[in-house]
Amino acid sequence: MSPLRRTLAAVAALLTLTAATACGSDAEAAGQTTTLRYQGSVGQVTLPELAADLGYLGDVRLDWIGNVTGGPADIQATATGQSDVGGAFNGAIVKLVAAGAPITAVVSYYGSDAQTFQGYYVLQDSPVRGPRDLIGRKVGMNTLGAHAEAVLKTWLARGSLTPAEIARVELVALPPVNTEQSLRARQIDVAVLGGVIRDKAVANGGVRTVFTDHELLGAFSAGSYVFRDDFLRRNPATVRAFVGGVGRAIEWSRTQPRETVVARLEQIIAQRGRNEDPALVRYWKSSGVAGRGGVITDREFTTWIDWLADAGELKGDRPKPGDVYTNDYNPFATGGGAR
């Protein structure tokens, strides 16, 4: 790198850090909370954890209260006040909002692209190849009522299965770290594997893909972080610092060499002292987030609003995307954020 480019990079990094710190200081000066309770994931690093390590959250501090295996449980904890922020599949957020939960999505945090996606895997010798082959079989996934189930049922419906036939596909909730093992032990017929867990299973050999969510739907952001509405009203500067920091972490991970990101994730796991195996993060490829800085689009909610309504899982009127999410706290939505 030339001296000029090194200087420009240093200035950009300084400006980004200064902006994040200013947001945190604004929250503190306004008497808003600067500590966010959240749940993590075993052996993995969340985007807020990465943002905090990079210094992008300013004075806002993360308070880890434990680990969670599924998004619906995470956002339920947020809705009931057990945590301050939680993340889940957008369809699960729609269902909770439609049920009357006072939560709002503020920034995308995971999705599917050509590098990072959720795949539906079988053993190499499995007879399962198309939708009809799944009737009467077991599909293991991290949690029910979320991303994996919605994508699977969309694929089955597009394969001309009737609702009665789809109901004969048995869904089994399994911790992500155990799903590959259950498939190899033939306790399930299909394993839903995503991200680093998927890459590890593929590297171990003996499995093949039936389909992926990226093949079915193209590139899209699939999940968002949510806050309770009363928290948003009381702590707007804190939320703005959090969302901006997460957005900057997304863009940092996009622009860095993969080896740099993996090394940072390993370092975070080693330093936080939770007695975890860092093997999973070594397979990291991308966050999969479609929008710059985690900006949310209507499509990322209308897809699941329509699906849930057609499946009869929403009572009353269909919520509008604007009832479920906002980009008001995201500096990337107006061209700001990291440059």
# chains A, B, ... in the order shown; residues from 1 in each chain; ligands from 1

call {"tool": "residues_around", "arguments": {"residues": "segment 94-108 of chain A", "least_positions_apart": "6", "cutoff": "7 Å", "atoms": "only C-alpha atoms", "output": "PyMOL selection string"}}
result
chain A and resi 79+221+223-229+243+289+294-296+305+314+319+324-327+329

call {"tool": "select_by_dssp", "arguments": {"residues": "segment 9-235 of chain A", "states": "strand (DSSP E or B)", "output": "PyMOL selection string"}}
result
chain A and resi 35-40+61-67+85-89+103-112+118-123+138-141+170-173+190-194+207-212+220-228

call {"tool": "residues_around", "arguments": {"residues": "segment 196-208 of chain A", "least_positions_apart": "3", "cutoff": "8 Å", "atoms": "only C-alpha atoms", "output": "list in words"}}
result
Gln118, Gly119, Tyr121, Val122, Leu123, Gln124, Pro176, Val177, Glu180, Leu193, Leu280, Val281, Arg282, Tyr283, Trp284 and Lys285 of chain A

call {"tool": "write_last_selection", "arguments": {"atoms": "N, CA and C atoms", "output": "mmCIF file, in the first residue's frame"}}
result
data_model
loop_
_atom_site.group_PDB
_atom_site.id
_atom_site.type_symbol
_atom_site.label_atom_id
_atom_site.label_comp_id
_atom_site.auth_asym_id
_atom_site.auth_seq_id
_atom_site.Cartn_x
_atom_site.Cartn_y
_atom_site.Cartn_z
ATOM 1 N N GLN A 118 -28.186 -20.805 3.686
ATOM 2 C CA GLN A 118 -28.642 -22.002 4.382
ATOM 3 C C GLN A 118 -28.963 -23.061 3.349
ATOM 4 N N GLY A 119 -28.374 -24.228 3.543
ATOM 5 C CA GLY A 119 -28.596 -25.341 2.629
ATOM 6 C C GLY A 119 -29.325 -26.470 3.325
ATOM 7 N N TYR A 121 -29.357 -30.303 3.474
ATOM 8 C CA TYR A 121 -28.383 -31.344 3.137
ATOM 9 C C TYR A 121 -28.861 -32.732 3.533
ATOM 10 N N VAL A 122 -28.469 -33.704 2.713
ATOM 11 C CA VAL A 122 -28.728 -35.117 2.993
ATOM 12 C C VAL A 122 -27.413 -35.876 2.870
ATOM 13 N N LEU A 123 -27.400 -37.106 3.360
ATOM 14 C CA LEU A 123 -26.230 -37.948 3.158
ATOM 15 C C LEU A 123 -26.106 -38.304 1.683
ATOM 16 N N GLN A 124 -24.913 -38.603 1.258
ATOM 17 C CA GLN A 124 -24.634 -38.836 -0.154
ATOM 18 C C GLN A 124 -25.523 -39.929 -0.747
ATOM 19 N N PRO A 176 -27.757 -26.061 16.507
ATOM 20 C CA PRO A 176 -26.964 -26.062 15.276
ATOM 21 C C PRO A 176 -25.703 -26.920 15.353
ATOM 22 N N VAL A 177 -25.029 -26.917 16.506
ATOM 23 C CA VAL A 177 -23.774 -27.668 16.606
ATOM 24 C C VAL A 177 -24.001 -29.170 16.595
ATOM 25 N N GLU A 180 -25.408 -31.627 12.243
ATOM 26 C CA GLU A 180 -24.616 -32.474 11.350
ATOM 27 C C GLU A 180 -24.478 -33.884 11.928
ATOM 28 N N LEU A 193 -28.352 -26.542 7.307
ATOM 29 C CA LEU A 193 -27.048 -26.087 7.763
ATOM 30 C C LEU A 193 -26.726 -24.744 7.114
ATOM 31 N N LEU A 280 -15.491 -23.026 14.422
ATOM 32 C CA LEU A 280 -16.549 -22.603 13.502
ATOM 33 C C LEU A 280 -16.209 -21.311 12.783
ATOM 34 N N VAL A 281 -15.642 -20.336 13.487
ATOM 35 C CA VAL A 281 -15.414 -19.039 12.850
ATOM 36 C C VAL A 281 -14.334 -19.118 11.768
ATOM 37 N N ARG A 282 -13.552 -20.172 11.766
ATOM 38 C CA ARG A 282 -12.527 -20.318 10.726
ATOM 39 C C ARG A 282 -13.139 -20.574 9.353
ATOM 40 N N TYR A 283 -14.433 -20.897 9.325
ATOM 41 C CA TYR A 283 -15.123 -21.121 8.053
ATOM 42 C C TYR A 283 -15.906 -19.886 7.610
ATOM 43 N N TRP A 284 -15.788 -18.777 8.336
ATOM 44 C CA TRP A 284 -16.544 -17.562 8.012
ATOM 45 C C TRP A 284 -16.241 -17.104 6.583
ATOM 46 N N LYS A 285 -17.305 -16.645 5.871
ATOM 47 C CA LYS A 285 -17.123 -16.114 4.517
ATOM 48 C C LYS A 285 -17.727 -14.725 4.352
#

call {"tool": "select_by_dssp", "arguments": {"residues": "segment 87-291 of chain A", "states": "alpha helix (DSSP H)", "output": "PyMOL selection string"}}
result
chain A and resi 90-98+147-158+163-166+176-184+195-204+213-217+229-234+236-255+258-272

call {"tool": "closest_residue", "arguments": {"among": "A:Asp298, A:Asp317, A:Trp252, A:Glu170", "to": "Gly55 of chain A", "atoms": "only C-alpha atoms"}}
result
A:Trp252

call {"tool": "residues_around", "arguments": {"residues": "segment 263-272 of chain A", "least_positions_apart": "2", "cutoff": "10 Å", "atoms": "only C-alpha atoms", "output": "list in words"}}
result
Val42, Gly43, Gln44, Val45, Thr46, Glu49, Leu50, Asp53, Leu54, Arg258, Glu259, Thr260, Val261, Arg274, Asn275, Glu276, Asp277, Pro278, Ala279, Leu280, Val281, Arg282 and Trp284 of chain A

call {"tool": "write_last_selection", "arguments": {"atoms": "N, CA, C and O atoms", "output": "CSV table (one decimal), in the first residue's frame"}}
result
chain,number,residue,atom,x,y,z
A,42,VAL,N,-23.0,-19.8,20.9
A,42,VAL,CA,-21.8,-20.5,21.3
A,42,VAL,C,-20.8,-20.7,20.1
A,42,VAL,O,-21.3,-21.1,19.0
A,43,GLY,N,-19.6,-20.4,20.3
A,43,GLY,CA,-18.6,-20.6,19.3
A,43,GLY,C,-18.6,-19.6,18.1
A,43,GLY,O,-17.9,-19.8,17.1
A,44,GLN,N,-19.5,-18.6,18.2
A,44,GLN,CA,-19.6,-17.7,17.1
A,44,GLN,C,-19.6,-16.2,17.6
A,44,GLN,O,-19.8,-16.0,18.8
A,45,VAL,N,-19.3,-15.3,16.8
A,45,VAL,CA,-19.2,-13.9,17.1
A,45,VAL,C,-20.4,-13.1,16.4
A,45,VAL,O,-20.4,-13.2,15.2
A,46,THR,N,-21.2,-12.5,17.2
A,46,THR,CA,-22.3,-11.7,16.6
A,46,THR,C,-21.8,-10.4,16.1
A,46,THR,O,-20.7,-9.9,16.5
A,49,GLU,N,-21.0,-7.9,18.8
A,49,GLU,CA,-19.7,-8.2,19.4
A,49,GLU,C,-18.5,-7.8,18.6
A,49,GLU,O,-17.6,-7.2,19.1
A,50,LEU,N,-18.6,-8.0,17.3
A,50,LEU,CA,-17.6,-7.5,16.4
A,50,LEU,C,-17.5,-6.0,16.4
A,50,LEU,O,-16.4,-5.4,16.5
A,53,ASP,N,-15.8,-4.8,19.5
A,53,ASP,CA,-14.4,-5.0,19.5
A,53,ASP,C,-13.6,-4.0,18.6
A,53,ASP,O,-12.5,-3.6,18.9
A,54,LEU,N,-14.3,-3.6,17.5
A,54,LEU,CA,-13.7,-2.7,16.6
A,54,LEU,C,-13.8,-1.2,17.1
A,54,LEU,O,-13.2,-0.3,16.5
A,258,ARG,N,-10.6,-11.9,3.9
A,258,ARG,CA,-11.2,-12.9,4.8
A,258,ARG,C,-10.4,-13.3,5.9
A,258,ARG,O,-10.8,-13.5,7.1
A,259,GLU,N,-9.1,-13.5,5.7
A,259,GLU,CA,-8.1,-13.9,6.7
A,259,GLU,C,-8.1,-12.9,7.9
A,259,GLU,O,-8.0,-13.3,9.1
A,260,THR,N,-8.3,-11.6,7.6
A,260,THR,CA,-8.3,-10.6,8.6
A,260,THR,C,-9.5,-10.7,9.5
A,260,THR,O,-9.4,-10.6,10.7
A,261,VAL,N,-10.7,-10.9,8.9
A,261,VAL,CA,-11.9,-11.1,9.6
A,261,VAL,C,-11.9,-12.3,10.5
A,261,VAL,O,-12.2,-12.2,11.7
A,274,ARG,N,-15.1,-17.7,27.3
A,274,ARG,CA,-16.3,-18.5,27.6
A,274,ARG,C,-16.1,-20.0,27.4
A,274,ARG,O,-17.0,-20.8,27.2
A,275,ASN,N,-14.8,-20.4,27.3
A,275,ASN,CA,-14.5,-21.8,27.1
A,275,ASN,C,-15.1,-22.4,25.9
A,275,ASN,O,-15.8,-23.4,25.9
A,276,GLU,N,-14.9,-21.7,24.7
A,276,GLU,CA,-15.5,-22.1,23.4
A,276,GLU,C,-14.4,-22.6,22.4
A,276,GLU,O,-13.3,-22.2,22.5
A,277,ASP,N,-14.9,-23.4,21.5
A,277,ASP,CA,-14.1,-23.9,20.4
A,277,ASP,C,-14.2,-22.9,19.3
A,277,ASP,O,-15.3,-22.6,18.8
A,278,PRO,N,-13.1,-22.3,18.8
A,278,PRO,CA,-13.1,-21.3,17.8
A,278,PRO,C,-13.2,-21.9,16.4
A,278,PRO,O,-13.1,-21.2,15.4
A,279,ALA,N,-13.3,-23.2,16.3
A,279,ALA,CA,-13.3,-23.9,14.9
A,279,ALA,C,-14.3,-23.3,13.9
A,279,ALA,O,-14.0,-23.2,12.8
A,280,LEU,N,-15.5,-23.0,14.4
A,280,LEU,CA,-16.5,-22.6,13.5
A,280,LEU,C,-16.2,-21.3,12.8
A,280,LEU,O,-16.5,-21.2,11.6
A,281,VAL,N,-15.6,-20.3,13.5
A,281,VAL,CA,-15.4,-19.0,12.8
A,281,VAL,C,-14.3,-19.1,11.8
A,281,VAL,O,-14.2,-18.2,10.9
A,282,ARG,N,-13.6,-20.2,11.8
A,282,ARG,CA,-12.5,-20.3,10.7
A,282,ARG,C,-13.1,-20.6,9.4
A,282,ARG,O,-12.4,-20.5,8.3
A,284,TRP,N,-15.8,-18.8,8.3
A,284,TRP,CA,-16.5,-17.6,8.0
A,284,TRP,C,-16.2,-17.1,6.6
A,284,TRP,O,-15.1,-17.1,6.1

call {"tool": "residues_around", "arguments": {"residues": "Asp113 of chain A", "least_positions_apart": "2", "cutoff": "9 Å", "atoms": "only C-alpha atoms", "output": "list in words"}}
result
Gly111, Gln115, Thr116, Phe117, Asp213, His214, Gly218, Ala219, Phe220, Ser221, Ser286, Ser287, Gly288, Val289 and Ala290 of chain A

call {"tool": "atom_distance", "arguments": {"atom1": "atom CA of Arg132 of chain A", "atom2": "atom CA of Leu171 of chain A"}}
result
15.2 Å

call {"tool": "closest_residue", "arguments": {"among": "A:Ala167, A:Ile250, A:Leu161, A:Ala77", "to": "Tyr110 of chain A", "atoms": "only C-alpha atoms"}}
result
A:Ile250

call {"tool": "atom_distance", "arguments": {"atom1": "atom CA of Val169 of chain A", "atom2": "atom CA of Trp155 of chain A"}}
result
12.3 Å

call {"tool": "closest_residue", "arguments": {"among": "A:Leu174, A:Val239, A:Thr212, A:Ile93", "to": "Gly195 of chain A", "atoms": "only C-alpha atoms"}}
result
A:Thr212

call {"tool": "atom_distance", "arguments": {"atom1": "atom CA of Arg248 of chain A", "atom2": "atom CA of Pro48 of chain A"}}
result
10.1 Å

call {"tool": "decode", "arguments": {"residues": "segment 150-199 of chain A", "atoms": "N, CA and C atoms", "output": "PDB file, in the first residue's frame"}}
result
ATOM      1  N   ALA A 150     -39.717 -21.630   7.182  1.00  0.00           N
ATOM      2  CA  ALA A 150     -40.395 -20.830   6.158  1.00  0.00           C
ATOM      3  C   ALA A 150     -39.846 -21.124   4.765  1.00  0.00           C
ATOM      4  N   VAL A 151     -38.513 -21.202   4.650  1.00  0.00           N
ATOM      5  CA  VAL A 151     -37.901 -21.487   3.348  1.00  0.00           C
ATOM      6  C   VAL A 151     -38.269 -22.895   2.883  1.00  0.00           C
ATOM      7  N   LEU A 152     -38.208 -23.869   3.814  1.00  0.00           N
ATOM      8  CA  LEU A 152     -38.550 -25.247   3.452  1.00  0.00           C
ATOM      9  C   LEU A 152     -39.980 -25.339   2.937  1.00  0.00           C
ATOM     10  N   LYS A 153     -40.921 -24.734   3.648  1.00  0.00           N
ATOM     11  CA  LYS A 153     -42.320 -24.839   3.242  1.00  0.00           C
ATOM     12  C   LYS A 153     -42.596 -24.069   1.954  1.00  0.00           C
ATOM     13  N   THR A 154     -41.855 -23.002   1.723  1.00  0.00           N
ATOM     14  CA  THR A 154     -41.965 -22.297   0.442  1.00  0.00           C
ATOM     15  C   THR A 154     -41.513 -23.203  -0.693  1.00  0.00           C
ATOM     16  N   TRP A 155     -40.395 -23.909  -0.481  1.00  0.00           N
ATOM     17  CA  TRP A 155     -39.860 -24.838  -1.497  1.00  0.00           C
ATOM     18  C   TRP A 155     -40.837 -25.982  -1.741  1.00  0.00           C
ATOM     19  N   LEU A 156     -41.417 -26.521  -0.673  1.00  0.00           N
ATOM     20  CA  LEU A 156     -42.363 -27.631  -0.814  1.00  0.00           C
ATOM     21  C   LEU A 156     -43.615 -27.179  -1.560  1.00  0.00           C
ATOM     22  N   ALA A 157     -44.104 -25.987  -1.246  1.00  0.00           N
ATOM     23  CA  ALA A 157     -45.293 -25.473  -1.924  1.00  0.00           C
ATOM     24  C   ALA A 157     -45.018 -25.230  -3.399  1.00  0.00           C
ATOM     25  N   ARG A 158     -43.837 -24.714  -3.699  1.00  0.00           N
ATOM     26  CA  ARG A 158     -43.477 -24.492  -5.105  1.00  0.00           C
ATOM     27  C   ARG A 158     -43.275 -25.816  -5.829  1.00  0.00           C
ATOM     28  N   GLY A 159     -43.073 -26.890  -5.073  1.00  0.00           N
ATOM     29  CA  GLY A 159     -42.965 -28.225  -5.656  1.00  0.00           C
ATOM     30  C   GLY A 159     -44.301 -28.917  -5.788  1.00  0.00           C
ATOM     31  N   SER A 160     -45.378 -28.140  -5.633  1.00  0.00           N
ATOM     32  CA  SER A 160     -46.755 -28.597  -5.847  1.00  0.00           C
ATOM     33  C   SER A 160     -47.277 -29.539  -4.755  1.00  0.00           C
ATOM     34  N   LEU A 161     -46.659 -29.530  -3.576  1.00  0.00           N
ATOM     35  CA  LEU A 161     -47.205 -30.317  -2.476  1.00  0.00           C
ATOM     36  C   LEU A 161     -48.420 -29.604  -1.892  1.00  0.00           C
ATOM     37  N   THR A 162     -49.414 -30.367  -1.499  1.00  0.00           N
ATOM     38  CA  THR A 162     -50.602 -29.804  -0.875  1.00  0.00           C
ATOM     39  C   THR A 162     -50.308 -29.501   0.602  1.00  0.00           C
ATOM     40  N   PRO A 163     -51.109 -28.667   1.243  1.00  0.00           N
ATOM     41  CA  PRO A 163     -50.907 -28.416   2.675  1.00  0.00           C
ATOM     42  C   PRO A 163     -50.896 -29.704   3.497  1.00  0.00           C
ATOM     43  N   ALA A 164     -51.744 -30.658   3.131  1.00  0.00           N
ATOM     44  CA  ALA A 164     -51.781 -31.928   3.867  1.00  0.00           C
ATOM     45  C   ALA A 164     -50.480 -32.699   3.683  1.00  0.00           C
ATOM     46  N   GLU A 165     -49.927 -32.663   2.482  1.00  0.00           N
ATOM     47  CA  GLU A 165     -48.654 -33.362   2.233  1.00  0.00           C
ATOM     48  C   GLU A 165     -47.504 -32.661   2.952  1.00  0.00           C
ATOM     49  N   ILE A 166     -47.522 -31.340   2.952  1.00  0.00           N
ATOM     50  CA  ILE A 166     -46.481 -30.586   3.654  1.00  0.00           C
ATOM     51  C   ILE A 166     -46.513 -30.898   5.149  1.00  0.00           C
ATOM     52  N   ALA A 167     -47.719 -31.077   5.691  1.00  0.00           N
ATOM     53  CA  ALA A 167     -47.855 -31.375   7.120  1.00  0.00           C
ATOM     54  C   ALA A 167     -47.250 -32.719   7.479  1.00  0.00           C
ATOM     55  N   ARG A 168     -47.014 -33.577   6.499  1.00  0.00           N
ATOM     56  CA  ARG A 168     -46.428 -34.904   6.762  1.00  0.00           C
ATOM     57  C   ARG A 168     -44.904 -34.866   6.781  1.00  0.00           C
ATOM     58  N   VAL A 169     -44.325 -33.712   6.488  1.00  0.00           N
ATOM     59  CA  VAL A 169     -42.874 -33.542   6.626  1.00  0.00           C
ATOM     60  C   VAL A 169     -42.617 -33.157   8.089  1.00  0.00           C
ATOM     61  N   GLU A 170     -41.873 -34.002   8.808  1.00  0.00           N
ATOM     62  CA  GLU A 170     -41.671 -33.788  10.243  1.00  0.00           C
ATOM     63  C   GLU A 170     -40.491 -32.863  10.493  1.00  0.00           C
ATOM     64  N   LEU A 171     -40.722 -31.793  11.245  1.00  0.00           N
ATOM     65  CA  LEU A 171     -39.677 -30.830  11.568  1.00  0.00           C
ATOM     66  C   LEU A 171     -39.159 -31.107  12.972  1.00  0.00           C
ATOM     67  N   VAL A 172     -37.832 -31.143  13.097  1.00  0.00           N
ATOM     68  CA  VAL A 172     -37.194 -31.464  14.371  1.00  0.00           C
ATOM     69  C   VAL A 172     -36.254 -30.322  14.752  1.00  0.00           C
ATOM     70  N   ALA A 173     -36.441 -29.746  15.938  1.00  0.00           N
ATOM     71  CA  ALA A 173     -35.572 -28.670  16.408  1.00  0.00           C
ATOM     72  C   ALA A 173     -34.320 -29.257  17.045  1.00  0.00           C
ATOM     73  N   LEU A 174     -33.159 -28.809  16.566  1.00  0.00           N
ATOM     74  CA  LEU A 174     -31.880 -29.300  17.066  1.00  0.00           C
ATOM     75  C   LEU A 174     -30.902 -28.130  17.230  1.00  0.00           C
ATOM     76  N   PRO A 175     -30.043 -28.163  18.246  1.00  0.00           N
ATOM     77  CA  PRO A 175     -28.996 -27.139  18.339  1.00  0.00           C
ATOM     78  C   PRO A 175     -28.124 -27.206  17.081  1.00  0.00           C
ATOM     79  N   PRO A 176     -27.757 -26.061  16.507  1.00  0.00           N
ATOM     80  CA  PRO A 176     -26.964 -26.062  15.276  1.00  0.00           C
ATOM     81  C   PRO A 176     -25.703 -26.920  15.353  1.00  0.00           C
ATOM     82  N   VAL A 177     -25.029 -26.917  16.506  1.00  0.00           N
ATOM     83  CA  VAL A 177     -23.774 -27.668  16.606  1.00  0.00           C
ATOM     84  C   VAL A 177     -24.001 -29.170  16.595  1.00  0.00           C
ATOM     85  N   ASN A 178     -25.252 -29.628  16.784  1.00  0.00           N
ATOM     86  CA  ASN A 178     -25.552 -31.065  16.805  1.00  0.00           C
ATOM     87  C   ASN A 178     -26.233 -31.568  15.534  1.00  0.00           C
ATOM     88  N   THR A 179     -26.604 -30.655  14.646  1.00  0.00           N
ATOM     89  CA  THR A 179     -27.415 -31.042  13.491  1.00  0.00           C
ATOM     90  C   THR A 179     -26.661 -31.956  12.530  1.00  0.00           C
ATOM     91  N   GLU A 180     -25.408 -31.627  12.243  1.00  0.00           N
ATOM     92  CA  GLU A 180     -24.616 -32.474  11.350  1.00  0.00           C
ATOM     93  C   GLU A 180     -24.478 -33.884  11.928  1.00  0.00           C
ATOM     94  N   GLN A 181     -24.193 -33.975  13.198  1.00  0.00           N
ATOM     95  CA  GLN A 181     -24.030 -35.269  13.852  1.00  0.00           C
ATOM     96  C   GLN A 181     -25.317 -36.092  13.760  1.00  0.00           C
ATOM     97  N   SER A 182     -26.467 -35.455  13.947  1.00  0.00           N
ATOM     98  CA  SER A 182     -27.750 -36.156  13.867  1.00  0.00           C
ATOM     99  C   SER A 182     -28.002 -36.681  12.464  1.00  0.00           C
ATOM    100  N   LEU A 183     -27.595 -35.907  11.449  1.00  0.00           N
ATOM    101  CA  LEU A 183     -27.747 -36.374  10.070  1.00  0.00           C
ATOM    102  C   LEU A 183     -26.877 -37.594   9.826  1.00  0.00           C
ATOM    103  N   ARG A 184     -25.628 -37.535  10.250  1.00  0.00           N
ATOM    104  CA  ARG A 184     -24.706 -38.649  10.004  1.00  0.00           C
ATOM    105  C   ARG A 184     -25.106 -39.905  10.791  1.00  0.00           C
ATOM    106  N   ALA A 185     -25.792 -39.692  11.918  1.00  0.00           N
ATOM    107  CA  ALA A 185     -26.281 -40.829  12.702  1.00  0.00           C
ATOM    108  C   ALA A 185     -27.625 -41.332  12.180  1.00  0.00           C
ATOM    109  N   ARG A 186     -28.129 -40.707  11.116  1.00  0.00           N
ATOM    110  CA  ARG A 186     -29.398 -41.049  10.471  1.00  0.00           C
ATOM    111  C   ARG A 186     -30.595 -40.912  11.412  1.00  0.00           C
ATOM    112  N   GLN A 187     -30.473 -39.989  12.364  1.00  0.00           N
ATOM    113  CA  GLN A 187     -31.603 -39.674  13.237  1.00  0.00           C
ATOM    114  C   GLN A 187     -32.572 -38.732  12.533  1.00  0.00           C
ATOM    115  N   ILE A 188     -32.088 -38.005  11.547  1.00  0.00           N
ATOM    116  CA  ILE A 188     -32.910 -37.159  10.682  1.00  0.00           C
ATOM    117  C   ILE A 188     -32.534 -37.462   9.245  1.00  0.00           C
ATOM    118  N   ASP A 189     -33.404 -37.086   8.314  1.00  0.00           N
ATOM    119  CA  ASP A 189     -33.149 -37.349   6.896  1.00  0.00           C
ATOM    120  C   ASP A 189     -32.527 -36.164   6.177  1.00  0.00           C
ATOM    121  N   VAL A 190     -32.845 -34.961   6.664  1.00  0.00           N
ATOM    122  CA  VAL A 190     -32.339 -33.728   6.059  1.00  0.00           C
ATOM    123  C   VAL A 190     -31.862 -32.816   7.174  1.00  0.00           C
ATOM    124  N   ALA A 191     -30.732 -32.171   6.963  1.00  0.00           N
ATOM    125  CA  ALA A 191     -30.199 -31.220   7.935  1.00  0.00           C
ATOM    126  C   ALA A 191     -30.139 -29.841   7.301  1.00  0.00           C
ATOM    127  N   VAL A 192     -30.675 -28.860   8.000  1.00  0.00           N
ATOM    128  CA  VAL A 192     -30.573 -27.478   7.537  1.00  0.00           C
ATOM    129  C   VAL A 192     -29.307 -26.894   8.153  1.00  0.00           C
ATOM    130  N   LEU A 193     -28.352 -26.542   7.307  1.00  0.00           N
ATOM    131  CA  LEU A 193     -27.048 -26.087   7.763  1.00  0.00           C
ATOM    132  C   LEU A 193     -26.726 -24.744   7.114  1.00  0.00           C
ATOM    133  N   GLY A 194     -26.236 -23.826   7.925  1.00  0.00           N
ATOM    134  CA  GLY A 194     -25.911 -22.503   7.404  1.00  0.00           C
ATOM    135  C   GLY A 194     -24.564 -22.011   7.858  1.00  0.00           C
ATOM    136  N   GLY A 195     -24.022 -21.081   7.098  1.00  0.00           N
ATOM    137  CA  GLY A 195     -22.789 -20.405   7.475  1.00  0.00           C
ATOM    138  C   GLY A 195     -21.633 -21.337   7.750  1.00  0.00           C
ATOM    139  N   VAL A 196     -20.922 -21.052   8.834  1.00  0.00           N
ATOM    140  CA  VAL A 196     -19.711 -21.803   9.148  1.00  0.00           C
ATOM    141  C   VAL A 196     -20.022 -23.246   9.511  1.00  0.00           C
ATOM    142  N   ILE A 197     -21.201 -23.508  10.083  1.00  0.00           N
ATOM    143  CA  ILE A 197     -21.577 -24.883  10.430  1.00  0.00           C
ATOM    144  C   ILE A 197     -21.766 -25.700   9.155  1.00  0.00           C
ATOM    145  N   ARG A 198     -22.368 -25.087   8.144  1.00  0.00           N
ATOM    146  CA  ARG A 198     -22.527 -25.765   6.853  1.00  0.00           C
ATOM    147  C   ARG A 198     -21.182 -26.058   6.210  1.00  0.00           C
ATOM    148  N   ASP A 199     -20.310 -25.064   6.187  1.00  0.00           N
ATOM    149  CA  ASP A 199     -19.011 -25.248   5.550  1.00  0.00           C
ATOM    150  C   ASP A 199     -18.203 -26.359   6.230  1.00  0.00           C
TER     151      ASP A 199
END
